[in-house]
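In what follows, a structure is listed as structure tokens, so that the remarks can point back to it.
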Amino acid sequence: MTGEMSPIEQAKFVAANRAAELVQDGMRVGLGTGSTAAWLVRRLGERVSKEGLKIRGVPTSTATAQLAREVGIEVVSLDQAGWLDLTIDGADEFDGELNLIKGGGAALLQEKIVATASDQMVVIADAGKEVETLGAFPLPVEVIPFGWQTTKLLIEEALDTMDVLGNSVTLRMNSEAPKVTDEGNHILDLHLKRIGNARQLALVLNQIPGVVENGLFIDICDKVVIGHGDGRVELRNLNEGTVEVGEPRSGDNLFSDLAG
Ligand code: 5RP
């Protein structure tokens with residue numbers, strides 16, 4: 001199975017494994033959503049069963065909740081946990097200040113609530129997610145289904161006054177029907193190409209009636225673990241201004257613990 005992993009998948013895998021080492025006994029941990037976060041959840045499940053690691057996990061989607069239960073992690077709601085020690089999640093883009101675009105997996109609302117309710121948020125990503133300026137990845141915005149077309153018009157109008165390069169807005173579909181999020185909402189994807197002022201855009205979008213939340217995570221993330229296809233992992237700590245680089249383990253197959 002390992003031999004069939006693409007370099008991007010391998011990068012996600014090593015980033016997730018490194019981040020799993022940040023989790024300590026007794027922690028309440030926010031569990032992100034997406035393919036990178038799924039590697040993390042599997043690795044934490046392994047630590048629970050092999051090392052007896054005791055954690056409570058707060059999932060950010062029904063998909064993550066199901067996986068977490070399958071791998072033996074105790075799952076609790078955010079309200080049961082109250083506050084979290086650490087949230088680890090993927091991202092669609094991150095910049096040098098660790099501002100993010102999230103929501104490619106349509107889970108941005110729960111992801112933002114959970115990350116904000118955490119002492120620390122760590123992003124795990126393959127190196128291709130790093131950008132100088134956010135915006136090449138379409139910005140997801142969660143809107144309530146009632147009057148979504150009016151909300152879309154209001155967003156388009158607002159974009160005319162924003163520092164962005166593109167202004168097309170599309171409704172995310174799931175085959176023939178609009179995508180429905182875990183909270184029963186829809187997702188509008190904003191094709192902006194380049195976001196000149198992400199902080200301002202995030203504030204403006206959330207002022208529009210019908211918008212529930214946007215996928216810009218500003219000043220929320222503290223650390224990023226960047227995985228590379230050759231197994232190298234970089235851990236950047238924004239607050240401490242440190243960078244730690246881990247080389248691939250020598251010897252046998254780096255990804256051997258993946259099998260099974
Ligand atoms: C889900 C997200 C994901 O974290 C993001 O889309 C990255 O996904 P992946 O790890 O599969 O590349 O924001 O809403």
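Identifiers for the structure tokens are assigned positionally: chains receive A, B, ... in sequence, residues are indexed from 1 per chain, and ligands are indexed from 1 in the order shown.
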Mind running chain A against ligand 1 at 8 Å and telling me each contacting residue's nearest atom pair with the distance in Å (one decimal), counting only C-alpha atoms and all ligand atoms, chain and number ascending, as a Markdown table?
```
| residue | atom | partner | partner_atom_place_in_ligand_line | distance |
| --- | --- | --- | --- | --- |
| A:Lys12 | CA | ligand 1 | 10 (O) | 7.2 |
| A:Gly32 | CA | ligand 1 | 4 (O) | 6.3 |
| A:Thr33 | CA | ligand 1 | 1 (C) | 4.9 |
| A:Gly34 | CA | ligand 1 | 11 (O) | 3.8 |
| A:Ser35 | CA | ligand 1 | 11 (O) | 3.6 |
| A:Thr36 | CA | ligand 1 | 10 (O) | 3.7 |
| A:Ala37 | CA | ligand 1 | 10 (O) | 5.8 |
| A:Ala38 | CA | ligand 1 | 10 (O) | 7.7 |
| A:Asp89 | CA | ligand 1 | 4 (O) | 5.6 |
| A:Gly90 | CA | ligand 1 | 4 (O) | 3.5 |
| A:Ala91 | CA | ligand 1 | 7 (C) | 4.2 |
| A:Asp92 | CA | ligand 1 | 7 (C) | 4.7 |
| A:Ile101 | CA | ligand 1 | 13 (O) | 7.3 |
| A:Lys102 | CA | ligand 1 | 13 (O) | 3.7 |
| A:Gly103 | CA | ligand 1 | 14 (O) | 3.4 |
| A:Gly104 | CA | ligand 1 | 6 (O) | 3.5 |
| A:Gly105 | CA | ligand 1 | 1 (C) | 3.5 |
| A:Ala106 | CA | ligand 1 | 14 (O) | 4.4 |
| A:Ala107 | CA | ligand 1 | 14 (O) | 3.8 |
| A:Leu108 | CA | ligand 1 | 14 (O) | 4.8 |
| A:Glu111 | CA | ligand 1 | 14 (O) | 7.1 |
| A:Ile124 | CA | ligand 1 | 10 (O) | 7.7 |
| A:Ala125 | CA | ligand 1 | 10 (O) | 6.7 |
| A:Asp126 | CA | ligand 1 | 12 (O) | 8.0 |
| A:Gly215 | CA | ligand 1 | 13 (O) | 7.8 |
```
- [ ] Excluding Leu84 (chain A) and residues on its chain fewer than 5 positions from it, collect all residues at most 6 Å away from it, counting only C-alpha atoms, and give them as a VMD selection string.
- [x] chain A and resid 28 to 29 118
With region 54-69 of chain A as the partner and 12 Å as the cut-off, tabulate the residues of region 177-258 of chain A that qualify, each row holding the nearest pair of atoms and their distance in Å to one decimal, using only C-alpha atoms, sorted by chain and rising number, as CSV.
```
residue,atom,partner,partner_atom,distance
A:Thr181,CA,A:Ser61,CA,9.1
A:Asp182,CA,A:Ser61,CA,6.7
A:Glu183,CA,A:Ser61,CA,9.4
```
Same residues, N, CA and C atoms, output as an mmCIF file, in the first residue's frame:
```
data_model
loop_
_atom_site.group_PDB
_atom_site.id
_atom_site.type_symbol
_atom_site.label_atom_id
_atom_site.label_comp_id
_atom_site.auth_asym_id
_atom_site.auth_seq_id
_atom_site.Cartn_x
_atom_site.Cartn_y
_atom_site.Cartn_z
ATOM 1 N N THR A 181 -23.966 21.066 4.441
ATOM 2 C CA THR A 181 -22.930 20.856 5.460
ATOM 3 C C THR A 181 -23.514 20.110 6.664
ATOM 4 N N ASP A 182 -22.635 19.765 7.603
ATOM 5 C CA ASP A 182 -23.089 19.092 8.831
ATOM 6 C C ASP A 182 -24.087 19.940 9.607
ATOM 7 N N GLU A 183 -24.036 21.258 9.408
ATOM 8 C CA GLU A 183 -24.968 22.154 10.102
ATOM 9 C C GLU A 183 -26.187 22.489 9.235
#
```
- [ ] Give me, please, the distance in Å between CA of Leu171 (chain A) and CA of Glu213 (chain A), quoted to one decimal.
- [x]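 Distance between the two atoms: 15.0 Å.
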Open item on the list: When you count only C-alpha atoms, which of these residues is closest to Ile8 (chain A): A:Gly135, A:Gly229, A:Gly147, A:Gly210?
Closed with: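 Among the listed residues, the smallest separation from Ile8 (chain A) belongs to A:Gly229.
Using only C-alpha atoms, the protein and nucleic acid residues lying no more than 7 Å from region 114-116 of chain A, apart from those fewer than 3 places from it along its own chain, are Gly30, Thr60, Thr87, Gln110, Glu111, Met121 and Ile220 of chain A.
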Task: Expected answer as a list in words: strand (DSSP E) residues in region 25-70 of chain A - done: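 Reading the DSSP output for region 25-70 of chain A, strand (DSSP E) covers Arg28, Val29, Gly30, Leu31, Arg56, Gly57, Val58 and Pro59 of chain A.
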TODO: Just list the residues in region 46-210 of chain A DSSP gives alpha helix (DSSP H) on the backbone, as a VMD selection string.
DONE: chain A and resid 46 to 51 62 to 70 78 to 81 108 to 116 148 to 159 198 to 205
Task: Selected residue, from A:Leu100, A:Val23, A:Leu205, A:Ile113, that lies nearest to Val224 (chain A) when counting only C-alpha atoms - done: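 Smallest distance to Val224 (chain A) is found for A:Leu100.
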Residues near Leu134 (chain A), anyone? I mean within 9 Å using only C-alpha atoms, not counting same-chain ones fewer than 2 positions away, as a PDB file with N, CA, C and O atoms, in the first residue's frame.
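Output (result14.pdb):
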```pdb
ATOM      1  N   GLU A  93      -4.904  26.385   2.237  1.00  0.00           N
ATOM      2  CA  GLU A  93      -3.774  27.292   1.988  1.00  0.00           C
ATOM      3  C   GLU A  93      -3.323  27.863   3.330  1.00  0.00           C
ATOM      4  O   GLU A  93      -4.147  28.077   4.217  1.00  0.00           O
ATOM      5  N   PHE A  94      -2.021  28.155   3.432  1.00  0.00           N
ATOM      6  CA  PHE A  94      -1.545  28.931   4.582  1.00  0.00           C
ATOM      7  C   PHE A  94      -0.463  29.894   4.090  1.00  0.00           C
ATOM      8  O   PHE A  94       0.277  29.606   3.152  1.00  0.00           O
ATOM      9  N   ASP A  95      -0.399  31.079   4.740  1.00  0.00           N
ATOM     10  CA  ASP A  95       0.621  32.046   4.346  1.00  0.00           C
ATOM     11  C   ASP A  95       1.691  32.157   5.441  1.00  0.00           C
ATOM     12  O   ASP A  95       1.651  31.414   6.437  1.00  0.00           O
ATOM     13  N   ASN A  99      -2.015  32.562   8.477  1.00  0.00           N
ATOM     14  CA  ASN A  99      -3.432  32.759   8.169  1.00  0.00           C
ATOM     15  C   ASN A  99      -3.803  31.711   7.124  1.00  0.00           C
ATOM     16  O   ASN A  99      -2.981  31.330   6.298  1.00  0.00           O
ATOM     17  N   LEU A 100      -5.039  31.258   7.204  1.00  0.00           N
ATOM     18  CA  LEU A 100      -5.422  30.076   6.433  1.00  0.00           C
ATOM     19  C   LEU A 100      -6.662  30.289   5.591  1.00  0.00           C
ATOM     20  O   LEU A 100      -7.516  31.118   5.934  1.00  0.00           O
ATOM     21  N   ILE A 101      -6.765  29.492   4.529  1.00  0.00           N
ATOM     22  CA  ILE A 101      -8.072  29.235   3.914  1.00  0.00           C
ATOM     23  C   ILE A 101      -8.419  27.801   4.260  1.00  0.00           C
ATOM     24  O   ILE A 101      -7.604  26.896   4.069  1.00  0.00           O
ATOM     25  N   GLU A 130       1.454  25.957   0.956  1.00  0.00           N
ATOM     26  CA  GLU A 130       2.001  27.253   1.381  1.00  0.00           C
ATOM     27  C   GLU A 130       1.937  28.252   0.224  1.00  0.00           C
ATOM     28  O   GLU A 130       2.331  27.946  -0.902  1.00  0.00           O
ATOM     29  N   VAL A 131       1.451  29.455   0.521  1.00  0.00           N
ATOM     30  CA  VAL A 131       1.342  30.501  -0.500  1.00  0.00           C
ATOM     31  C   VAL A 131       1.881  31.812   0.059  1.00  0.00           C
ATOM     32  O   VAL A 131       1.916  32.010   1.273  1.00  0.00           O
ATOM     33  N   GLU A 132       2.268  32.697  -0.856  1.00  0.00           N
ATOM     34  CA  GLU A 132       2.690  34.022  -0.415  1.00  0.00           C
ATOM     35  C   GLU A 132       1.458  34.840  -0.032  1.00  0.00           C
ATOM     36  O   GLU A 132       1.432  35.525   0.988  1.00  0.00           O
ATOM     37  N   ALA A 136      -5.636  31.781  -4.171  1.00  0.00           N
ATOM     38  CA  ALA A 136      -5.696  30.927  -5.363  1.00  0.00           C
ATOM     39  C   ALA A 136      -6.743  29.826  -5.147  1.00  0.00           C
ATOM     40  O   ALA A 136      -7.483  29.469  -6.058  1.00  0.00           O
ATOM     41  N   PHE A 137      -6.798  29.305  -3.929  1.00  0.00           N
ATOM     42  CA  PHE A 137      -7.832  28.313  -3.598  1.00  0.00           C
ATOM     43  C   PHE A 137      -9.148  29.072  -3.367  1.00  0.00           C
ATOM     44  O   PHE A 137      -9.176  30.068  -2.635  1.00  0.00           O
ATOM     45  N   LYS A 193      -8.785  34.485  -6.648  1.00  0.00           N
ATOM     46  CA  LYS A 193      -7.413  34.430  -7.195  1.00  0.00           C
ATOM     47  C   LYS A 193      -6.361  35.019  -6.259  1.00  0.00           C
ATOM     48  O   LYS A 193      -5.313  34.420  -6.034  1.00  0.00           O
ATOM     49  N   ARG A 194      -6.615  36.186  -5.728  1.00  0.00           N
ATOM     50  CA  ARG A 194      -5.652  36.809  -4.812  1.00  0.00           C
ATOM     51  C   ARG A 194      -6.423  37.672  -3.822  1.00  0.00           C
ATOM     52  O   ARG A 194      -7.254  38.486  -4.238  1.00  0.00           O
ATOM     53  N   ILE A 195      -6.173  37.466  -2.519  1.00  0.00           N
ATOM     54  CA  ILE A 195      -6.863  38.251  -1.486  1.00  0.00           C
ATOM     55  C   ILE A 195      -5.848  39.236  -0.907  1.00  0.00           C
ATOM     56  O   ILE A 195      -4.920  38.843  -0.198  1.00  0.00           O
ATOM     57  N   GLY A 196      -6.025  40.513  -1.226  1.00  0.00           N
ATOM     58  CA  GLY A 196      -5.059  41.530  -0.794  1.00  0.00           C
ATOM     59  C   GLY A 196      -5.128  41.792   0.696  1.00  0.00           C
ATOM     60  O   GLY A 196      -4.100  41.984   1.341  1.00  0.00           O
ATOM     61  N   ALA A 198      -6.900  39.948   3.727  1.00  0.00           N
ATOM     62  CA  ALA A 198      -7.724  38.830   4.202  1.00  0.00           C
ATOM     63  C   ALA A 198      -8.489  39.196   5.479  1.00  0.00           C
ATOM     64  O   ALA A 198      -9.642  38.802   5.671  1.00  0.00           O
TER      65      ALA A 198
END
```
TODO: Quick one: everything within 12 Å of Val245 (chain A), counting only C-alpha atoms, minus sequence neighbours fewer than 4 positions away in the same chain. Send it as a list in words.
DONE: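 After dropping sequence-adjacent residues, the list is Ala15, Arg18, Val224, Val225, Ile226, Gly227, His228, Gly231, Arg232, Val233, Glu234, Leu235, Arg236 and Asn237 of chain A.
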- [ ] Find the residues around Ala202 (chain A) up to 12 Å (only C-alpha atoms counted), leave out those fewer than 5 positions away in its own chain, and share them as JSON, numbers by chain.
- [x] {"A": [99, 100, 101, 139, 140, 141, 155, 158, 159, 162, 163, 195, 196, 197, 207, 208, 211, 212, 213, 214, 215, 216, 217, 218, 219]}
TODO: Using only C-alpha atoms, find the one residue out of A:Gly26, A:Gly246, A:Gly52, A:Pro209 that sits nearest to Thr150 (chain A).
DONE: A:Pro209
